[in-house]
Amino acid sequence: MTMQGRLNLFQRTMLRWRELHPYNSVHVVCVPEPLETARLQAVIDQVLAAARLTGFALDARRRRFTYDGETTRAELQVVPPDGGAVAATDVEIERQLNAPFAAAGHMAPFRFFAIGDEPGFWLGLTYDHFIAGGDSIVVLLRTVVEEYSGRNVTEQEQPPLRRYPRTYTRLLLSHAGAAVRGMKQLPRMARSLRRSVRPRYADSSDSRNAFTHFSVPPEQFAQIMRSAKAWGVTVNDMWLALLLHALAPLLPGDRHAARRRDLAVASIINIREDLEAEAQTTFGQFLSSFRVAHLVPDGISLRELALDIHAETARVKRDRLYLQTLLALGIVGMVWGYLSRERRERFHSKSYAILAGLTMLNVTALWPGADTQAPPLQYLRGVSTGPLAPLVLAITTVGNSLIAGVSYRPTAFDRATVARLISNLLHSVETLA
């Protein structure tokens with residue numbers, strides 16, 4: 001079989017991570033229509049076939065893949081709403097985050113599930129994260145929901161979906177100057193890493209993920225937007241600051257240690273624009289990340305912290321320092337094969353100290369009318385932590401609605417600690433002025 005696609009640097013990294021534990025992502029949307037399982041199955045199969053996303057095969061050793069178009073029946077499971085649909089959804093997302101896909105060869109990289117919540121239902125899509133970014137999945141789920149709702153989108157003329165986008169080679173070559181300048185920042189990064197608190201795992205071999213979620217009321221979400229604008233920072237900056245501000249009280253001993261006192265978090269960013277690959281027409285994953293660290297001293301205001309974070313993220317964007325991350329991932333890939341499993345499990349916590357990751361997704365930009373339909377669209381995500389971070393905050397917005405999924409490794413943060421983190425986050429949001 002000819003493998004037509006090549007995995008980029010970030011996809012290859014996820015492939016390595018899934019050798020240790022499933023590295024999945026889950027999207028769930030509330031569908032305001034009665035659940036008819038047979039019709040839903042037919043729609044899912046039809047949409048995947050029309051998008052030419054069937055017959056997936058992976059050559060894991062050569063990091064290549066293909067979609068051969070083989071007709072298959074997608075996996076669809078109907079989950080009983082035990083304890084209520086919302087509670088059942090959290091339980092199912094947690095289960096899906098820990099359930100592996102096939103390692104290689106012909107495989108189905110998608111799993112669907114439905115949970116009844118009359119008069120509608122929750123539709124979930126779990127995917128092996130290396131195959132796509134969240135924006136591609138929003139476009140795919142939107143098509144399924146609109147087709148199921150009778151809008152016949154697959155019968156309309158659609159542009160061919162690109163499934164084999166370019167890797168990052170051309171991007172790195174076209175911005176070689178920025179990449180070199182980024183390498184010059186490595187000593188500064190090394191100093192920051194030596195000052196940063198490392199996550200602690202009771203058992204580094206236990207990669208199991210747990211999951212919960214919370215929402216922010218529309219009026220408080222609007223206040224976040226107003227404050228970000230008034231302070232001259234981005235919404236992503238605000239949430240990085242909120243996350244650091246919420247983490248600080250949970251680590252009083254670490255923050256007053258002699259050496260490692262800085263708290264660090266990572267932000268996942270979408271670099272589609274750099275590659276000229278629109279989500280509506282190109283299926284795939286175009287991600288990188290950057291890291292921010294701060295002492296978070298006692299008494300610092302959220303505004304002061306957000307402004308400090310903004311100064312750092314502005315430098316990252318201006319100098320394209322996220323390219324530094326891609327180069328570092330390539331270097332890690334060269335040494336990964338020489339590490340034992342035990343050393344791989346501890347590698348990231350020792351070499352790239354972060355306490356949490358942040359990923360934000362604006363569904364409104366990808367789903368026309370999502371913010372104006374009645375009832376309002378509800379959309380929730382859960383993302384595997386992987387070996388890089390003990391916790392990931394996945395924020396999804398639709399219009400003035402915000403729902404945040406929290407996946408975490410219980411061997412680092414127990415459920416009570418995560419509940420305190422969420423309480424700290426919500427308190428900071430409530431007291432924004």
# chains A, B, ... in the order shown; residues from 1 in each chain; ligands from 1
$ closest_atom_pairs --of "segment 330-385 of chain A" --to "segment 92-100 of chain A" --cutoff "10 Å" --atoms "only C-alpha atoms" --output "tab-separated table"
residue	atom	partner	partner_atom	distance
A:Leu380	CA	A:Ile93	CA	9.8
A:Arg381	CA	A:Ile93	CA	8.5
A:Gly382	CA	A:Ile93	CA	6.7
A:Val383	CA	A:Leu97	CA	7.3
A:Ser384	CA	A:Leu97	CA	6.0
A:Thr385	CA	A:Leu97	CA	9.2
$ residues_around --residues "Ala356 of chain A" --least-positions-apart "3" --cutoff "12 Å" --atoms "only C-alpha atoms" --output "JSON, numbers by chain"
{"A": [197, 198, 199, 239, 240, 242, 243, 244, 246, 247, 248, 263, 264, 265, 266, 267, 268, 291, 292, 293, 349, 352, 353, 359, 384, 385, 386, 387, 388, 389, 390, 391, 392, 393, 394, 406, 407, 408, 409, 412, 413, 418, 421]}
$ closest_residue --among "A:Thr2, A:Val335, A:Leu171, A:Asp82" --to "Glu273 of chain A" --atoms "only C-alpha atoms"
A:Leu171
$ closest_residue --among "A:Val332, A:Gln223, A:Leu295, A:His213" --to "Ile422 of chain A" --atoms "only C-alpha atoms"
A:His213
$ closest_residue --among "A:His27, A:Arg191, A:Lys350, A:Arg73" --to "Val138 of chain A" --atoms "only C-alpha atoms"
A:His27
$ closest_residue --among "A:Val28, A:Val216, A:Ile300, A:Ile271" --to "Ser288 of chain A" --atoms "only C-alpha atoms"
A:Ile271
$ select_by_dssp --residues "segment 204-375 of chain A" --states "helix (DSSP H, G or I)" --output "VMD selection string"
chain A and resid 218 to 231 235 to 250 252 to 255 272 to 275 302 to 318 322 to 336 341 to 351 363 to 365
$ residues_around --residues "Val47 of chain A" --least-positions-apart "4" --cutoff "9 Å" --atoms "only C-alpha atoms" --output "tab-separated table (two decimals) with C-alpha atoms, in the first residue's frame"
chain	number	residue	atom	x	y	z
A	42	ALA	CA	-26.26	6.08	8.59
A	43	VAL	CA	-25.48	9.80	8.75
A	51	ALA	CA	-15.26	13.55	3.45
A	52	ARG	CA	-13.08	10.66	2.24
A	53	LEU	CA	-12.02	9.89	5.79
A	140	LEU	CA	-16.65	17.21	10.92
A	143	THR	CA	-21.49	18.30	9.21
A	144	VAL	CA	-22.83	15.26	11.07
A	147	GLU	CA	-27.02	16.32	8.14
A	154	THR	CA	-23.45	16.25	2.10
$ closest_residue --among "A:Val79, A:Leu193, A:Ile395, A:Leu7" --to "Arg260 of chain A" --atoms "only C-alpha atoms"
A:Leu193
$ select_by_dssp --residues "segment 321-417 of chain A" --states "strand (DSSP E)" --output "list in words"
Ala356, Gly357, Leu358, Thr359, Met360, Leu361, Asn362, Tyr379, Leu380, Arg381, Gly382, Val383, Leu391, Val392, Leu393, Ala394, Ile395, Thr396, Thr397, Val398, Ser401, Leu402, Ile403, Ala404, Gly405, Val406, Ser407 and Tyr408 of chain A
$ write_last_selection --atoms "C-alpha atoms" --output "compact mmCIF listing (two decimals), in the first residue's frame"
# COMPACT_ATOMS: atom_id res chain seq x y z
CA ALA A 356 -0.76 22.40 33.33
CA GLY A 357 -1.61 22.93 29.68
CA LEU A 358 -4.21 25.24 28.14
CA THR A 359 -6.04 24.72 24.87
CA MET A 360 -8.73 27.12 23.62
CA LEU A 361 -11.19 26.59 20.78
CA ASN A 362 -13.73 29.07 19.40
CA TYR A 379 -19.99 22.04 23.15
CA LEU A 380 -17.55 20.28 25.50
CA ARG A 381 -14.03 18.88 25.01
CA GLY A 382 -11.64 16.62 26.89
CA VAL A 383 -7.99 16.24 25.90
CA LEU A 391 -3.51 18.59 33.88
CA VAL A 392 -5.06 20.10 30.74
CA LEU A 393 -7.70 22.82 30.70
CA ALA A 394 -9.69 22.63 27.44
CA ILE A 395 -11.79 25.78 27.02
CA THR A 396 -14.47 25.83 24.34
CA THR A 397 -16.54 28.89 23.50
CA VAL A 398 -19.72 29.26 21.47
CA SER A 401 -21.12 30.37 26.28
CA LEU A 402 -17.95 28.87 27.78
CA ILE A 403 -17.51 25.26 28.90
CA ALA A 404 -14.13 24.05 30.20
CA GLY A 405 -13.11 20.41 30.29
CA VAL A 406 -10.47 19.43 32.85
CA SER A 407 -8.47 16.26 32.29
CA TYR A 408 -5.87 15.34 34.87
$ closest_residue --among "A:Pro368, A:Gly177, A:Pro376, A:Gly5" --to "Pro165 of chain A" --atoms "only C-alpha atoms"
A:Gly5
$ residues_around --residues "Gly333 of chain A" --least-positions-apart "6" --cutoff "9 Å" --atoms "only C-alpha atoms" --output "list of chain:residue names"
A:Leu9, A:Arg12, A:Thr13, A:Arg16
$ write_last_selection --atoms "C-alpha atoms" --output "PDB file, in the first residue's frame"
ATOM      1  CA  LEU A   9       6.649  17.095  13.990  1.00  0.00           C
ATOM      2  CA  ARG A  12       5.035  12.426  15.449  1.00  0.00           C
ATOM      3  CA  THR A  13       5.352  13.604  19.041  1.00  0.00           C
ATOM      4  CA  ARG A  16       5.423   8.723  20.687  1.00  0.00           C
TER       5      ARG A  16
END
$ residues_around --residues "Arg303 of chain A" --least-positions-apart "4" --cutoff "12 Å" --atoms "only C-alpha atoms" --output "list in words"
Ile224, Ser227, Ala228, Lys229, Ala230, Trp231, Gly232, Val233, Asp237, Met238, Trp239, Leu240, Ala241, Leu242, His245, Val296, Gly299, Leu307, Asp308, Ile309, His310, Ser428, Val429, Thr431, Leu432 and Ala433 of chain A
$ write_last_selection --atoms "N, CA and C atoms" --output "mmCIF file, in the first residue's frame"
data_model
loop_
_atom_site.group_PDB
_atom_site.id
_atom_site.type_symbol
_atom_site.label_atom_id
_atom_site.label_comp_id
_atom_site.auth_asym_id
_atom_site.auth_seq_id
_atom_site.Cartn_x
_atom_site.Cartn_y
_atom_site.Cartn_z
ATOM 1 N N ILE A 224 -14.898 38.689 31.389
ATOM 2 C CA ILE A 224 -13.538 38.277 31.010
ATOM 3 C C ILE A 224 -13.121 39.001 29.732
ATOM 4 N N SER A 227 -12.532 42.743 30.461
ATOM 5 C CA SER A 227 -11.301 42.970 31.215
ATOM 6 C C SER A 227 -10.078 42.787 30.322
ATOM 7 N N ALA A 228 -10.098 41.754 29.486
ATOM 8 C CA ALA A 228 -8.972 41.528 28.580
ATOM 9 C C ALA A 228 -8.772 42.729 27.658
ATOM 10 N N LYS A 229 -9.872 43.258 27.137
ATOM 11 C CA LYS A 229 -9.776 44.421 26.251
ATOM 12 C C LYS A 229 -9.275 45.650 27.008
ATOM 13 N N ALA A 230 -9.792 45.864 28.210
ATOM 14 C CA ALA A 230 -9.387 47.036 28.995
ATOM 15 C C ALA A 230 -7.919 46.970 29.405
ATOM 16 N N TRP A 231 -7.422 45.766 29.670
ATOM 17 C CA TRP A 231 -6.039 45.608 30.108
ATOM 18 C C TRP A 231 -5.057 45.517 28.938
ATOM 19 N N GLY A 232 -5.587 45.355 27.735
ATOM 20 C CA GLY A 232 -4.718 45.246 26.567
ATOM 21 C C GLY A 232 -4.043 43.891 26.439
ATOM 22 N N VAL A 233 -4.759 42.828 26.845
ATOM 23 C CA VAL A 233 -4.228 41.471 26.734
ATOM 24 C C VAL A 233 -5.209 40.625 25.930
ATOM 25 N N ASP A 237 -4.205 35.071 27.050
ATOM 26 C CA ASP A 237 -3.388 35.599 28.153
ATOM 27 C C ASP A 237 -4.167 35.567 29.460
ATOM 28 N N MET A 238 -5.438 35.976 29.390
ATOM 29 C CA MET A 238 -6.273 36.011 30.596
ATOM 30 C C MET A 238 -6.373 34.624 31.219
ATOM 31 N N TRP A 239 -6.587 33.612 30.388
ATOM 32 C CA TRP A 239 -6.764 32.270 30.940
ATOM 33 C C TRP A 239 -5.450 31.671 31.428
ATOM 34 N N LEU A 240 -4.346 32.015 30.787
ATOM 35 C CA LEU A 240 -3.050 31.601 31.328
ATOM 36 C C LEU A 240 -2.836 32.216 32.713
ATOM 37 N N ALA A 241 -3.177 33.509 32.849
ATOM 38 C CA ALA A 241 -3.043 34.183 34.139
ATOM 39 C C ALA A 241 -3.996 33.585 35.175
ATOM 40 N N LEU A 242 -5.251 33.339 34.766
ATOM 41 C CA LEU A 242 -6.224 32.732 35.680
ATOM 42 C C LEU A 242 -5.744 31.365 36.156
ATOM 43 N N HIS A 245 -2.835 31.808 38.572
ATOM 44 C CA HIS A 245 -3.371 32.395 39.805
ATOM 45 C C HIS A 245 -4.105 31.337 40.625
ATOM 46 N N VAL A 296 4.584 34.206 40.513
ATOM 47 C CA VAL A 296 3.258 34.370 41.123
ATOM 48 C C VAL A 296 3.406 34.692 42.616
ATOM 49 N N GLY A 299 -0.068 38.007 46.809
ATOM 50 C CA GLY A 299 -0.668 39.324 46.701
ATOM 51 C C GLY A 299 -0.693 39.914 45.309
ATOM 52 N N LEU A 307 -0.754 41.060 32.628
ATOM 53 C CA LEU A 307 0.131 41.953 31.871
ATOM 54 C C LEU A 307 1.525 41.348 31.726
ATOM 55 N N ASP A 308 2.017 40.702 32.781
ATOM 56 C CA ASP A 308 3.318 40.030 32.692
ATOM 57 C C ASP A 308 3.265 38.883 31.678
ATOM 58 N N ILE A 309 2.186 38.120 31.722
ATOM 59 C CA ILE A 309 2.018 37.017 30.770
ATOM 60 C C ILE A 309 1.938 37.552 29.347
ATOM 61 N N HIS A 310 1.204 38.642 29.170
ATOM 62 C CA HIS A 310 1.061 39.218 27.833
ATOM 63 C C HIS A 310 2.408 39.661 27.266
ATOM 64 N N SER A 428 -11.893 33.731 40.901
ATOM 65 C CA SER A 428 -11.190 34.818 40.220
ATOM 66 C C SER A 428 -12.054 35.436 39.135
ATOM 67 N N VAL A 429 -12.783 34.597 38.415
ATOM 68 C CA VAL A 429 -13.660 35.100 37.356
ATOM 69 C C VAL A 429 -14.794 35.931 37.957
ATOM 70 N N THR A 431 -14.841 37.641 40.627
ATOM 71 C CA THR A 431 -14.410 38.891 41.251
ATOM 72 C C THR A 431 -13.727 39.842 40.271
ATOM 73 N N LEU A 432 -13.748 39.511 38.988
ATOM 74 C CA LEU A 432 -13.189 40.420 37.992
ATOM 75 C C LEU A 432 -13.958 41.729 37.998
ATOM 76 N N ALA A 433 -13.270 42.831 37.899
ATOM 77 C CA ALA A 433 -13.946 44.132 37.866
ATOM 78 C C ALA A 433 -13.348 44.974 36.756
#
$ residues_around --residues "His129 of chain A" --least-positions-apart "6" --cutoff "8 Å" --atoms "only C-alpha atoms" --output "list of chain:residue names"
A:Met14, A:Tyr23, A:Asn24, A:Ser25
$ residues_around --residues "segment 54-66 of chain A" --least-positions-apart "4" --cutoff "12 Å" --atoms "only C-alpha atoms" --output "VMD selection string"
chain A and resid 1 to 16 18 to 19 44 to 50 70 to 74 101 to 110 128 130 to 131 162 to 165 167 284 333 337
$ atom_distance --atom1 "atom CA of Arg142 of chain A" --atom2 "atom CA of Thr126 of chain A"
14.6 Å
$ decode --residues "segment 382-420 of chain A" --atoms "N, CA and C atoms" --output "PDB file, in the first residue's frame"
ATOM      1  N   GLY A 382     -12.614  17.172  25.958  1.00  0.00           N
ATOM      2  CA  GLY A 382     -11.644  16.618  26.895  1.00  0.00           C
ATOM      3  C   GLY A 382     -10.421  16.191  26.106  1.00  0.00           C
ATOM      4  N   VAL A 383      -9.234  16.527  26.606  1.00  0.00           N
ATOM      5  CA  VAL A 383      -7.988  16.244  25.898  1.00  0.00           C
ATOM      6  C   VAL A 383      -7.046  15.482  26.820  1.00  0.00           C
ATOM      7  N   SER A 384      -6.453  14.414  26.325  1.00  0.00           N
ATOM      8  CA  SER A 384      -5.502  13.647  27.127  1.00  0.00           C
ATOM      9  C   SER A 384      -4.363  14.527  27.613  1.00  0.00           C
ATOM     10  N   THR A 385      -3.900  14.270  28.811  1.00  0.00           N
ATOM     11  CA  THR A 385      -2.770  15.031  29.337  1.00  0.00           C
ATOM     12  C   THR A 385      -1.460  14.615  28.687  1.00  0.00           C
ATOM     13  N   GLY A 386      -1.345  13.323  28.337  1.00  0.00           N
ATOM     14  CA  GLY A 386      -0.070  12.832  27.853  1.00  0.00           C
ATOM     15  C   GLY A 386       0.976  12.889  28.959  1.00  0.00           C
ATOM     16  N   PRO A 387       2.235  12.617  28.625  1.00  0.00           N
ATOM     17  CA  PRO A 387       3.298  12.646  29.634  1.00  0.00           C
ATOM     18  C   PRO A 387       3.824  14.052  29.904  1.00  0.00           C
ATOM     19  N   LEU A 388       3.351  15.049  29.143  1.00  0.00           N
ATOM     20  CA  LEU A 388       3.914  16.394  29.242  1.00  0.00           C
ATOM     21  C   LEU A 388       3.420  17.163  30.451  1.00  0.00           C
ATOM     22  N   ALA A 389       2.116  17.064  30.761  1.00  0.00           N
ATOM     23  CA  ALA A 389       1.523  17.866  31.837  1.00  0.00           C
ATOM     24  C   ALA A 389       0.613  16.990  32.687  1.00  0.00           C
ATOM     25  N   PRO A 390       0.484  17.301  33.965  1.00  0.00           N
ATOM     26  CA  PRO A 390      -0.429  16.517  34.802  1.00  0.00           C
ATOM     27  C   PRO A 390      -1.888  16.946  34.683  1.00  0.00           C
ATOM     28  N   LEU A 391      -2.139  18.074  33.997  1.00  0.00           N
ATOM     29  CA  LEU A 391      -3.513  18.588  33.880  1.00  0.00           C
ATOM     30  C   LEU A 391      -3.633  19.409  32.606  1.00  0.00           C
ATOM     31  N   VAL A 392      -4.783  19.294  31.939  1.00  0.00           N
ATOM     32  CA  VAL A 392      -5.056  20.095  30.743  1.00  0.00           C
ATOM     33  C   VAL A 392      -6.424  20.741  30.890  1.00  0.00           C
ATOM     34  N   LEU A 393      -6.461  22.053  30.683  1.00  0.00           N
ATOM     35  CA  LEU A 393      -7.705  22.819  30.702  1.00  0.00           C
ATOM     36  C   LEU A 393      -8.102  23.088  29.259  1.00  0.00           C
ATOM     37  N   ALA A 394      -9.215  22.498  28.822  1.00  0.00           N
ATOM     38  CA  ALA A 394      -9.685  22.634  27.441  1.00  0.00           C
ATOM     39  C   ALA A 394     -10.913  23.541  27.433  1.00  0.00           C
ATOM     40  N   ILE A 395     -10.721  24.783  27.004  1.00  0.00           N
ATOM     41  CA  ILE A 395     -11.788  25.781  27.023  1.00  0.00           C
ATOM     42  C   ILE A 395     -12.418  25.875  25.643  1.00  0.00           C
ATOM     43  N   THR A 396     -13.738  25.758  25.597  1.00  0.00           N
ATOM     44  CA  THR A 396     -14.474  25.829  24.344  1.00  0.00           C
ATOM     45  C   THR A 396     -15.532  26.912  24.455  1.00  0.00           C
ATOM     46  N   THR A 397     -15.566  27.804  23.480  1.00  0.00           N
ATOM     47  CA  THR A 397     -16.538  28.894  23.500  1.00  0.00           C
ATOM     48  C   THR A 397     -17.455  28.826  22.285  1.00  0.00           C
ATOM     49  N   VAL A 398     -18.729  29.131  22.529  1.00  0.00           N
ATOM     50  CA  VAL A 398     -19.724  29.263  21.467  1.00  0.00           C
ATOM     51  C   VAL A 398     -20.524  30.520  21.792  1.00  0.00           C
ATOM     52  N   GLY A 399     -20.302  31.587  21.021  1.00  0.00           N
ATOM     53  CA  GLY A 399     -20.967  32.841  21.342  1.00  0.00           C
ATOM     54  C   GLY A 399     -20.575  33.312  22.726  1.00  0.00           C
ATOM     55  N   ASN A 400     -21.580  33.505  23.608  1.00  0.00           N
ATOM     56  CA  ASN A 400     -21.296  33.947  24.979  1.00  0.00           C
ATOM     57  C   ASN A 400     -21.285  32.786  25.971  1.00  0.00           C
ATOM     58  N   SER A 401     -21.148  31.559  25.434  1.00  0.00           N
ATOM     59  CA  SER A 401     -21.116  30.365  26.282  1.00  0.00           C
ATOM     60  C   SER A 401     -19.684  29.845  26.378  1.00  0.00           C
ATOM     61  N   LEU A 402     -19.280  29.447  27.575  1.00  0.00           N
ATOM     62  CA  LEU A 402     -17.951  28.872  27.782  1.00  0.00           C
ATOM     63  C   LEU A 402     -18.074  27.633  28.653  1.00  0.00           C
ATOM     64  N   ILE A 403     -17.563  26.508  28.145  1.00  0.00           N
ATOM     65  CA  ILE A 403     -17.509  25.264  28.901  1.00  0.00           C
ATOM     66  C   ILE A 403     -16.050  24.797  28.901  1.00  0.00           C
ATOM     67  N   ALA A 404     -15.528  24.461  30.065  1.00  0.00           N
ATOM     68  CA  ALA A 404     -14.134  24.049  30.205  1.00  0.00           C
ATOM     69  C   ALA A 404     -14.046  22.602  30.663  1.00  0.00           C
ATOM     70  N   GLY A 405     -13.395  21.775  29.883  1.00  0.00           N
ATOM     71  CA  GLY A 405     -13.110  20.407  30.287  1.00  0.00           C
ATOM     72  C   GLY A 405     -11.774  20.358  31.011  1.00  0.00           C
ATOM     73  N   VAL A 406     -11.706  19.558  32.069  1.00  0.00           N
ATOM     74  CA  VAL A 406     -10.475  19.431  32.847  1.00  0.00           C
ATOM     75  C   VAL A 406     -10.085  17.952  32.896  1.00  0.00           C
ATOM     76  N   SER A 407      -9.022  17.612  32.200  1.00  0.00           N
ATOM     77  CA  SER A 407      -8.475  16.263  32.291  1.00  0.00           C
ATOM     78  C   SER A 407      -7.213  16.326  33.139  1.00  0.00           C
ATOM     79  N   TYR A 408      -6.993  15.295  33.944  1.00  0.00           N
ATOM     80  CA  TYR A 408      -5.872  15.337  34.866  1.00  0.00           C
ATOM     81  C   TYR A 408      -5.441  13.926  35.247  1.00  0.00           C
ATOM     82  N   ARG A 409      -4.195  13.831  35.701  1.00  0.00           N
ATOM     83  CA  ARG A 409      -3.663  12.549  36.152  1.00  0.00           C
ATOM     84  C   ARG A 409      -3.810  12.465  37.669  1.00  0.00           C
ATOM     85  N   PRO A 410      -4.645  11.564  38.175  1.00  0.00           N
ATOM     86  CA  PRO A 410      -4.867  11.473  39.627  1.00  0.00           C
ATOM     87  C   PRO A 410      -3.600  11.162  40.419  1.00  0.00           C
ATOM     88  N   THR A 411      -2.599  10.620  39.758  1.00  0.00           N
ATOM     89  CA  THR A 411      -1.347  10.346  40.460  1.00  0.00           C
ATOM     90  C   THR A 411      -0.582  11.623  40.788  1.00  0.00           C
ATOM     91  N   ALA A 412      -0.995  12.753  40.158  1.00  0.00           N
ATOM     92  CA  ALA A 412      -0.387  14.058  40.452  1.00  0.00           C
ATOM     93  C   ALA A 412      -1.344  14.974  41.206  1.00  0.00           C
ATOM     94  N   PHE A 413      -2.590  15.043  40.726  1.00  0.00           N
ATOM     95  CA  PHE A 413      -3.626  15.871  41.364  1.00  0.00           C
ATOM     96  C   PHE A 413      -4.824  14.985  41.677  1.00  0.00           C
ATOM     97  N   ASP A 414      -5.192  14.885  42.937  1.00  0.00           N
ATOM     98  CA  ASP A 414      -6.380  14.092  43.257  1.00  0.00           C
ATOM     99  C   ASP A 414      -7.638  14.917  42.983  1.00  0.00           C
ATOM    100  N   ARG A 415      -8.783  14.270  43.095  1.00  0.00           N
ATOM    101  CA  ARG A 415     -10.045  14.919  42.731  1.00  0.00           C
ATOM    102  C   ARG A 415     -10.323  16.141  43.602  1.00  0.00           C
ATOM    103  N   ALA A 416      -9.978  16.062  44.872  1.00  0.00           N
ATOM    104  CA  ALA A 416     -10.217  17.192  45.774  1.00  0.00           C
ATOM    105  C   ALA A 416      -9.353  18.388  45.385  1.00  0.00           C
ATOM    106  N   THR A 417      -8.123  18.137  44.977  1.00  0.00           N
ATOM    107  CA  THR A 417      -7.240  19.235  44.567  1.00  0.00           C
ATOM    108  C   THR A 417      -7.750  19.888  43.289  1.00  0.00           C
ATOM    109  N   VAL A 418      -8.238  19.082  42.357  1.00  0.00           N
ATOM    110  CA  VAL A 418      -8.786  19.632  41.116  1.00  0.00           C
ATOM    111  C   VAL A 418     -10.046  20.445  41.413  1.00  0.00           C
ATOM    112  N   ALA A 419     -10.848  19.984  42.345  1.00  0.00           N
ATOM    113  CA  ALA A 419     -12.039  20.755  42.741  1.00  0.00           C
ATOM    114  C   ALA A 419     -11.636  22.111  43.311  1.00  0.00           C
ATOM    115  N   ARG A 420     -10.566  22.153  44.102  1.00  0.00           N
ATOM    116  CA  ARG A 420     -10.069  23.434  44.640  1.00  0.00           C
ATOM    117  C   ARG A 420      -9.562  24.328  43.515  1.00  0.00           C
TER     118      ARG A 420
END
